[in-house]
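Quick look at start_26.tsv (TSV, C-alpha atoms):
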```tsv
chain	number	residue	atom	x	y	z
A	1	MET	CA	-7.35	-14.05	25.67
A	2	ARG	CA	-3.57	-14.48	25.87
A	3	SER	CA	-2.09	-14.18	29.37
A	4	PHE	CA	-0.70	-10.72	30.19
A	5	LYS	CA	1.83	-9.92	32.87
A	6	PHE	CA	4.40	-7.28	33.77
A	7	ILE	CA	7.88	-8.74	34.23
A	8	ALA	CA	10.12	-5.72	34.99
A	9	GLU	CA	9.87	-2.04	35.89
A	10	SER	CA	12.21	0.95	35.96
A	11	SER	CA	11.86	4.73	35.85
A	12	SER	CA	13.84	7.78	34.74
A	13	ASN	CA	13.22	11.34	33.52
A	14	GLY	CA	9.57	11.23	34.56
A	15	VAL	CA	8.84	8.03	32.62
A	16	ILE	CA	7.98	4.60	34.03
A	17	GLU	CA	9.06	1.73	31.76
A	18	ARG	CA	7.37	-1.64	32.29
A	19	ASP	CA	8.28	-4.75	30.33
A	20	PHE	CA	5.40	-7.15	29.74
A	21	THR	CA	4.45	-10.30	27.91
A	22	VAL	CA	1.20	-11.18	26.16
A	23	GLY	CA	1.43	-14.92	25.69
A	24	GLU	CA	4.76	-15.38	23.89
A	25	VAL	CA	4.92	-11.78	22.68
A	26	SER	CA	7.36	-9.41	24.43
A	27	GLY	CA	6.50	-5.74	24.87
A	28	VAL	CA	7.13	-2.55	26.79
A	29	LEU	CA	4.78	0.10	28.18
A	30	TRP	CA	6.02	3.62	28.90
A	31	SER	CA	3.84	5.75	31.22
A	32	PRO	CA	3.98	9.08	33.07
A	33	ALA	CA	5.64	8.77	36.47
A	34	SER	CA	3.08	11.13	37.97
A	35	GLY	CA	-0.67	11.29	37.63
A	36	ALA	CA	-3.22	8.55	38.29
A	37	ASP	CA	-5.81	9.81	35.81
A	38	ARG	CA	-6.55	7.89	32.65
A	39	ALA	CA	-4.62	8.94	29.57
A	40	PRO	CA	-4.71	8.01	25.88
A	41	LEU	CA	-2.60	5.14	24.54
A	42	VAL	CA	-0.29	5.28	21.52
A	43	LEU	CA	0.86	2.02	19.96
A	44	MET	CA	4.26	2.14	18.25
A	45	GLY	CA	5.53	-0.23	15.57
A	46	HIS	CA	9.31	-0.52	15.21
A	47	GLY	CA	11.28	-0.76	11.98
A	48	GLY	CA	12.64	-3.86	10.29
A	49	GLY	CA	15.69	-5.36	11.99
A	50	ASN	CA	15.05	-3.31	15.14
A	51	HIS	CA	13.16	-4.04	18.36
A	52	LYS	CA	10.76	-2.58	20.90
A	53	LYS	CA	13.46	-0.68	22.85
A	54	HIS	CA	15.47	0.57	19.88
A	55	PRO	CA	16.67	4.13	20.63
A	56	ALA	CA	14.22	5.53	18.07
A	57	MET	CA	11.33	3.83	19.90
A	58	ALA	CA	12.49	4.91	23.35
A	59	GLY	CA	13.07	8.48	22.15
A	60	ARG	CA	9.64	8.78	20.54
A	61	ALA	CA	8.03	7.24	23.59
A	62	GLU	CA	9.69	9.78	25.90
A	63	LEU	CA	8.40	12.64	23.73
A	64	LEU	CA	4.87	11.23	23.82
A	65	VAL	CA	4.91	10.57	27.56
A	66	THR	CA	6.59	13.77	28.74
A	67	GLY	CA	5.09	15.98	26.04
A	68	CYS	CA	1.46	14.84	26.32
A	69	GLY	CA	1.14	12.46	29.25
A	70	PHE	CA	0.32	9.53	26.96
A	71	HIS	CA	0.90	5.86	27.62
A	72	VAL	CA	3.01	4.31	24.85
A	73	ALA	CA	3.35	0.61	24.02
A	74	CYS	CA	5.59	-1.29	21.62
A	75	ILE	CA	5.87	-5.03	21.03
A	76	ASP	CA	8.59	-7.00	19.30
A	77	ALA	CA	7.49	-8.02	15.82
A	78	PRO	CA	7.77	-11.73	14.97
A	79	GLY	CA	11.42	-12.71	14.58
A	80	HIS	CA	12.63	-9.45	16.17
A	81	GLY	CA	13.98	-8.39	19.55
A	82	ASP	CA	13.43	-11.04	22.20
A	83	ARG	CA	11.52	-13.28	19.80
A	84	PRO	CA	13.30	-16.15	18.01
A	85	ARG	CA	13.69	-16.20	14.26
A	86	THR	CA	12.11	-18.99	12.25
A	87	ALA	CA	13.65	-20.71	9.24
A	88	HIS	CA	11.42	-18.49	7.08
A	89	ASP	CA	12.82	-15.38	8.79
A	90	GLU	CA	16.39	-16.52	8.18
A	91	GLN	CA	15.68	-17.28	4.54
A	92	GLU	CA	14.12	-13.88	3.86
A	93	ILE	CA	16.87	-11.99	5.68
A	94	ALA	CA	19.56	-13.88	3.78
A	95	GLU	CA	17.82	-13.05	0.50
A	96	LEU	CA	17.68	-9.37	1.47
A	97	PHE	CA	21.40	-9.28	2.24
A	98	ARG	CA	22.18	-11.09	-1.02
A	99	ALA	CA	20.18	-8.56	-3.04
A	100	ARG	CA	21.80	-5.67	-1.19
A	101	ALA	CA	25.30	-7.01	-1.86
A	102	ALA	CA	24.46	-7.52	-5.53
A	103	GLY	CA	23.03	-4.03	-5.91
A	104	GLU	CA	19.57	-5.41	-6.72
A	105	PRO	CA	16.30	-3.75	-5.63
A	106	GLU	CA	15.39	-4.56	-2.02
A	107	GLY	CA	11.76	-3.54	-2.34
A	108	PRO	CA	10.23	-6.79	-3.61
A	109	ILE	CA	11.86	-8.78	-0.79
A	110	VAL	CA	10.99	-6.27	1.95
A	111	VAL	CA	7.37	-5.98	0.75
A	112	ARG	CA	6.94	-9.75	0.68
A	113	TYR	CA	8.57	-10.37	4.05
A	114	ASN	CA	6.78	-7.48	5.77
A	115	ALA	CA	3.43	-8.72	4.47
A	116	HIS	CA	4.15	-12.10	6.04
A	117	LEU	CA	5.09	-10.48	9.36
A	118	ALA	CA	1.95	-8.33	9.29
A	119	GLU	CA	-0.28	-11.40	9.01
A	120	LEU	CA	1.25	-12.68	12.26
A	121	ALA	CA	1.58	-9.35	14.05
A	122	VAL	CA	-1.90	-7.86	13.59
A	123	PRO	CA	-3.65	-10.39	15.87
A	124	GLU	CA	-0.77	-10.04	18.34
A	125	TRP	CA	-1.29	-6.28	18.44
A	126	GLN	CA	-5.02	-6.71	18.92
A	127	ALA	CA	-4.42	-9.09	21.83
A	128	THR	CA	-1.99	-6.57	23.31
A	129	LEU	CA	-4.53	-3.78	22.94
A	130	ASP	CA	-7.17	-5.97	24.60
A	131	ALA	CA	-4.85	-6.45	27.58
A	132	LEU	CA	-3.65	-2.86	27.90
A	133	THR	CA	-7.15	-1.39	27.81
A	134	GLU	CA	-8.01	-3.47	30.87
A	135	LEU	CA	-5.44	-1.52	32.90
A	136	PRO	CA	-7.19	1.11	35.05
A	137	GLU	CA	-4.79	3.86	33.95
A	138	ILE	CA	-5.75	3.29	30.29
A	139	GLY	CA	-9.27	1.88	30.17
A	140	ALA	CA	-11.38	0.61	27.31
A	141	ASP	CA	-13.10	3.92	26.52
A	142	GLY	CA	-10.05	6.10	25.84
A	143	PRO	CA	-8.65	7.11	22.44
A	144	VAL	CA	-5.85	5.07	20.86
A	145	GLY	CA	-3.27	6.11	18.28
A	146	TYR	CA	-0.75	4.21	16.16
A	147	PHE	CA	2.75	5.42	15.18
A	148	GLY	CA	5.01	3.41	12.88
A	149	VAL	CA	7.13	3.96	9.77
A	150	ASN	CA	8.90	1.48	7.50
A	151	MET	CA	7.97	-2.00	8.78
A	152	GLY	CA	5.86	-0.21	11.38
A	153	THR	CA	3.71	0.98	8.49
A	154	ALA	CA	3.60	-2.46	6.86
A	155	ILE	CA	2.11	-3.84	10.09
A	156	GLY	CA	0.23	-0.72	11.12
A	157	VAL	CA	-1.86	-0.18	7.99
A	158	PRO	CA	-3.61	-3.58	8.16
A	159	LEU	CA	-3.90	-3.24	11.94
A	160	VAL	CA	-5.59	0.17	11.72
A	161	ALA	CA	-7.85	-1.06	8.92
A	162	ALA	CA	-8.94	-3.98	11.11
A	163	ASP	CA	-9.31	-2.30	14.52
A	164	PRO	CA	-11.76	0.59	14.99
A	165	ARG	CA	-10.35	1.40	18.42
A	166	ILE	CA	-7.44	3.21	16.74
A	167	THR	CA	-8.58	6.74	15.88
A	168	ALA	CA	-5.45	8.50	14.53
A	169	ALA	CA	-2.22	7.24	12.96
A	170	VAL	CA	1.20	8.32	11.74
A	171	PHE	CA	2.68	6.21	8.93
A	172	GLY	CA	5.45	6.55	6.37
A	173	GLN	CA	8.22	5.19	4.19
A	174	HIS	CA	6.76	2.10	2.58
A	175	TRP	CA	5.74	0.76	-0.79
A	176	PRO	CA	2.03	0.68	-1.75
A	177	ASP	CA	2.07	-2.82	-3.30
A	178	VAL	CA	0.13	-4.78	-0.68
A	179	LEU	CA	-0.93	-1.86	1.53
A	180	ALA	CA	-2.99	0.29	-0.85
A	181	GLU	CA	-6.07	-1.93	-0.60
A	182	LYS	CA	-6.02	-1.73	3.21
A	183	ALA	CA	-5.26	2.00	3.10
A	184	ARG	CA	-8.47	2.56	1.14
A	185	GLN	CA	-10.37	1.18	4.16
A	186	ILE	CA	-8.84	3.75	6.53
A	187	THR	CA	-10.75	6.99	7.15
A	188	ILE	CA	-9.20	8.25	10.41
A	189	PRO	CA	-6.82	11.25	10.47
A	190	ILE	CA	-3.41	10.37	9.03
A	191	GLU	CA	0.02	11.98	9.00
A	192	TYR	CA	2.39	10.45	6.43
A	193	ASP	CA	6.19	10.86	6.21
A	194	MET	CA	8.31	10.22	3.14
A	195	GLN	CA	11.82	11.00	1.93
A	196	TRP	CA	11.88	12.77	-1.43
A	197	ASP	CA	15.25	11.25	-2.38
A	198	ASP	CA	14.62	7.75	-0.98
A	199	GLU	CA	16.95	5.33	-2.76
A	200	HIS	CA	14.68	2.35	-2.03
A	201	ILE	CA	11.12	3.70	-2.28
A	202	PRO	CA	10.53	5.81	-5.42
A	203	ARG	CA	8.71	9.04	-4.63
A	204	GLU	CA	5.82	8.01	-6.90
A	205	ALA	CA	5.42	4.88	-4.76
A	206	GLY	CA	5.30	6.90	-1.54
A	207	LEU	CA	2.81	9.31	-3.06
A	208	ALA	CA	0.66	6.42	-4.27
A	209	LEU	CA	0.35	4.99	-0.76
A	210	PHE	CA	-0.48	8.41	0.71
A	211	ASP	CA	-3.09	8.92	-2.00
A	212	ALA	CA	-4.70	5.53	-1.24
A	213	PHE	CA	-5.81	6.49	2.28
A	214	ALA	CA	-9.52	7.34	2.31
A	215	SER	CA	-9.08	9.78	5.19
A	216	LYS	CA	-10.67	13.20	4.75
A	217	GLU	CA	-7.93	14.60	6.97
A	218	LYS	CA	-4.48	13.46	5.90
A	219	THR	CA	-1.21	15.36	5.80
A	220	LEU	CA	1.90	14.55	3.75
A	221	HIS	CA	5.33	15.43	5.12
A	222	ALA	CA	7.90	15.08	2.32
A	223	ASN	CA	11.48	15.84	3.34
A	224	ALA	CA	14.61	16.06	1.22
A	225	GLY	CA	17.03	13.22	1.89
A	226	ARG	CA	17.59	9.51	1.58
A	227	HIS	CA	15.74	6.63	3.23
A	228	LYS	CA	17.50	6.78	6.60
A	229	GLU	CA	17.57	10.57	6.79
A	230	LEU	CA	14.05	11.17	8.09
A	231	PRO	CA	14.43	14.35	10.18
A	232	ARG	CA	14.15	13.96	13.93
A	233	PHE	CA	11.69	16.85	14.07
A	234	GLU	CA	9.10	14.57	12.48
A	235	ALA	CA	8.84	12.78	15.83
A	236	ALA	CA	7.86	16.07	17.49
A	237	SER	CA	5.36	16.67	14.69
A	238	ALA	CA	3.83	13.27	15.40
A	239	VAL	CA	3.43	14.20	19.07
A	240	ARG	CA	1.56	17.38	18.13
A	241	PHE	CA	-0.59	15.36	15.70
A	242	PHE	CA	-1.59	12.90	18.42
A	243	ALA	CA	-2.19	15.72	20.88
A	244	ARG	CA	-4.71	17.24	18.47
A	245	HIS	CA	-6.52	14.02	17.72
A	246	LEU	CA	-6.33	12.20	21.06
A	247	GLY	CA	-7.31	15.24	23.10
A	248	ARG	CA	-4.23	16.33	25.06
A	249	ALA	CA	-2.13	19.47	25.28
A	250	ALA	CA	1.37	19.07	23.86
A	251	THR	CA	4.67	20.44	25.17
A	252	VAL	CA	7.33	19.50	22.61
A	253	PRO	CA	10.08	21.30	20.70
A	254	ALA	CA	8.97	23.28	17.64
```

Render the structure in this file as structure tokens.
Amino acid sequence: MRSFKFIAESSSNGVIERDFTVGEVSGVLWSPASGADRAPLVLMGHGGGNHKKHPAMAGRAELLVTGCGFHVACIDAPGHGDRPRTAHDEQEIAELFRARAAGEPEGPIVVRYNAHLAELAVPEWQATLDALTELPEIGADGPVGYFGVNMGTAIGVPLVAADPRITAAVFGQHWPDVLAEKARQITIPIEYDMQWDDEHIPREAGLALFDAFASKEKTLHANAGRHKELPRFEAASAVRFFARHLGRAATVPA
């Protein structure tokens, strides 16, 4: 098992934030400031080009902690946040920017690069989950959720397919190309977000990935708007989804 240690701690608004490392992987754990009882854990995957403490991650974590009393963990994906980029990372990012400047489709590059990152990140997430479930406030017998869209879905789908400890998941906004096969192995409850007018991911592609999940309980949230216009209320919906499936009462905005 990779070595796990907390390296910093702070608190505000009823949330304790603890930075940690698992081997060379950097992460953060948000927890309720009050209450010593065990609580469910939600793993969060950040988007491409972002990091574990991106405002979207911190905001979703605060909703999950203050709204349900969950613990929430996020780690930096390979080549993101506090983790150095490799030559392969630099090459793929440069190719993405070139395609964007030329007005060419970004999808093939993003799908390829995210699949590479997922191969590296899935075992890192499993090692992180091993370490976090040894903490007395989480424990090995409690329910675990996963929440990630965009690159968070590219990493989360193969992770959820591989790890039976995760019992509910929120995904969204990704192509089905390399994920559909893994999605067919997933039977846990799913909530899926997509943008109906996404300029990068055609709606038929988003629908195809949603359709691929073998879950008997799965819900599609399709909102009008472009790729980066996912409504903020979807974060509150995700909190209510996890409250239902991880066994906690939720107090979040409607």

Best match for closeness to Ser11 (chain A) among A:Pro84, A:Pro32, A:Pro158, A:Gly27, counting all atoms listed in the file: A:Pro32

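Using only C-alpha atoms, the shortest contact distance between Gly145 (chain A) and any of A:Val42, A:Val65, A:Ala243, A:Ile93 is found at A:Val42.
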
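Each of A:Ala205, A:Val144, A:Val157, A:Ile188 was checked against Asp130 (chain A) using all atoms listed in the file; the smallest atom-to-atom distance is that of A:Val144.
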
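As for CA of Ala236 (chain A) and CA of Glu181 (chain A), they are spaced 29.1 Å apart.
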
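Considering only C-alpha atoms, the residue among A:Glu191, A:Asp141, A:Glu204, A:Glu199 positioned nearest to Glu104 (chain A) is A:Glu199.
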
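Distance check against Phe242 (chain A) using only C-alpha atoms: of A:Leu41, A:Ala208, A:Val110, A:Cys74, the minimum falls on A:Leu41.
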
Please identify all polymer residues within 10 Å of Arg112 (chain A), counting only C-alpha atoms, omitting same-chain residues fewer than 5 positions from it, and present them as a short mmCIF file (atom, residue, chain, number, x, y, z; two decimals) with C-alpha atoms, keeping the file's coordinate frame.
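In the end it all went to result_26.cif:
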```cif
data_model
loop_
_atom_site.label_atom_id
_atom_site.label_comp_id
_atom_site.auth_asym_id
_atom_site.auth_seq_id
_atom_site.Cartn_x
_atom_site.Cartn_y
_atom_site.Cartn_z
CA GLU A 92 14.12 -13.88 3.86
CA GLY A 107 11.76 -3.54 -2.34
CA LEU A 117 5.09 -10.48 9.36
CA ASP A 177 2.07 -2.82 -3.30
CA VAL A 178 0.13 -4.78 -0.68
#
```

Best match for closeness to Ala73 (chain A) among A:Leu209, A:Ala94, A:Ile16, A:Ala101, counting only C-alpha atoms: A:Ile16

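Here CA of Ala183 (chain A) stands at a distance of 21.5 Å from CA of His227 (chain A).
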
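From CA of Ser12 (chain A) back to CA of Lys53 (chain A), the distance works out to 14.6 Å.
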
Shell around region 43-45 of chain A at 6 Å using only C-alpha atoms, local window under 2 positions removed, as a list in words: Val72, Ala73, Cys74, Tyr146, Phe147, Gly148 and Gly152 of chain A

Close residues, Glu9 (chain A) itself excluded, 12 Å, only C-alpha atoms, min 5 positions apart in chain, as number ranges by chain: A: 15-20, 28-31, 33

Test item: residues at most 9 Å from Gly225 (chain A), only C-alpha atoms, excluding those fewer than 2 positions along its chain, as a VMD selection string: chain A and resid 195 to 198 223 227 to 231

Residue contacts of Leu96 (chain A) (12 Å, only C-alpha atoms) excluding same-chain residues fewer than 4 positions away, as a list in words: Gly48, Gly49, Asp89, Glu90, Gln91, Glu92, Arg100, Ala101, Ala102, Gly103, Glu104, Pro105, Glu106, Gly107, Pro108, Ile109, Val110, Val111, Arg112, Tyr113 and Asn114 of chain A
